[in-house]
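So the structure is just underneath, and the comments pick up after that.
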Amino acid sequence: MINIAMTHDARKTYLEFERVLSHCFEMSGTNVYQHALDYGRKSGYLNKRNEVTRSGTLMLELQPYEIPA
């Protein structure tokens with residue numbers, strides 16, 4: 001959860017994780033938290049500590065350009 005005491009970098013990291021996790025929920029087709037995390041790790045978007053990887057950041061940068069099916 002974001003709060004006033006968080007630094008800019010902490011907010012950015014948190015929001016980045018939330019966006020990646022949202023994508024993982026959508027792509028895994030489930031609302032189970034662990035399944036979304038597993039998908040994120042298998043896709044290379046998250047590392048084993050559930051931190052957003054460079055691949056996850058790149059996916060977020062390209063996401064606005066995706067065309068819905």
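Residue numbering restarts at 1 in every chain; chains get A, B, ... in the order shown in the structure tokens, and ligands count up from 1 in that same order.
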
If you count only C-alpha atoms, which residues fall within 9 Å of stretch 25-42 of chain A, apart from same-chain ones fewer than 6 positions away, as number ranges by chain?
-> A: 48, 50, 52, 56

A:Thr53 surroundings by only C-alpha atoms, 12 Å radius, close-in-sequence under 6 positions cut, as a PyMOL selection string = chain A and resi 13+16-17+20+40-47+59-60

Go ahead and dump the residues you just picked, C-alpha atoms, as a PDB file, in the first residue's frame.
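Result file result.pdb:
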ATOM      1  CA  THR A  13       8.889   0.027  -7.275  1.00  0.00           C
ATOM      2  CA  GLU A  16       5.725  -1.338 -11.080  1.00  0.00           C
ATOM      3  CA  PHE A  17       5.184  -4.582  -9.151  1.00  0.00           C
ATOM      4  CA  VAL A  20       3.338  -6.555 -13.536  1.00  0.00           C
ATOM      5  CA  GLY A  40       5.459 -13.843 -13.566  1.00  0.00           C
ATOM      6  CA  ARG A  41       8.518 -15.869 -12.573  1.00  0.00           C
ATOM      7  CA  LYS A  42       8.184 -18.314 -15.471  1.00  0.00           C
ATOM      8  CA  SER A  43       7.807 -15.419 -17.896  1.00  0.00           C
ATOM      9  CA  GLY A  44      10.892 -13.719 -16.476  1.00  0.00           C
ATOM     10  CA  TYR A  45       8.963 -10.658 -15.261  1.00  0.00           C
ATOM     11  CA  LEU A  46       9.684 -11.398 -11.586  1.00  0.00           C
ATOM     12  CA  ASN A  47      12.710 -12.881  -9.877  1.00  0.00           C
ATOM     13  CA  MET A  59       7.018  -5.475 -20.843  1.00  0.00           C
ATOM     14  CA  LEU A  60       5.427  -2.543 -18.995  1.00  0.00           C
TER      15      LEU A  60
END

Expressed in Å to a single decimal, how great is the separation between atom CA of A:Glu61 and atom CA of A:Ile4?
-> 26.0 Å

Please, what distance in Å, to one decimal, runs between atom CA of A:Ala5 and atom CA of A:Leu58?
->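 Going from atom CA of A:Ala5 over to atom CA of A:Leu58, I get 27.8 Å.
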
Just how far from atom CA of A:Ser55 is atom CA of A:Cys24, in Å to one decimal?
->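 Pair atom CA of A:Cys24 / atom CA of A:Ser55 returns 13.1 Å.
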
Residues at most 12 Å from A:Tyr14, counting only C-alpha atoms, excluding those fewer than 5 positions away in the same chain, as a list in words?
->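 Surrounding residues, per the criterion: Met1, Ile2, Asn3, Met6, Thr7, His8, Asp9, Arg19, Val20, Leu21, Asn50, Glu51 and Val52 of chain A.
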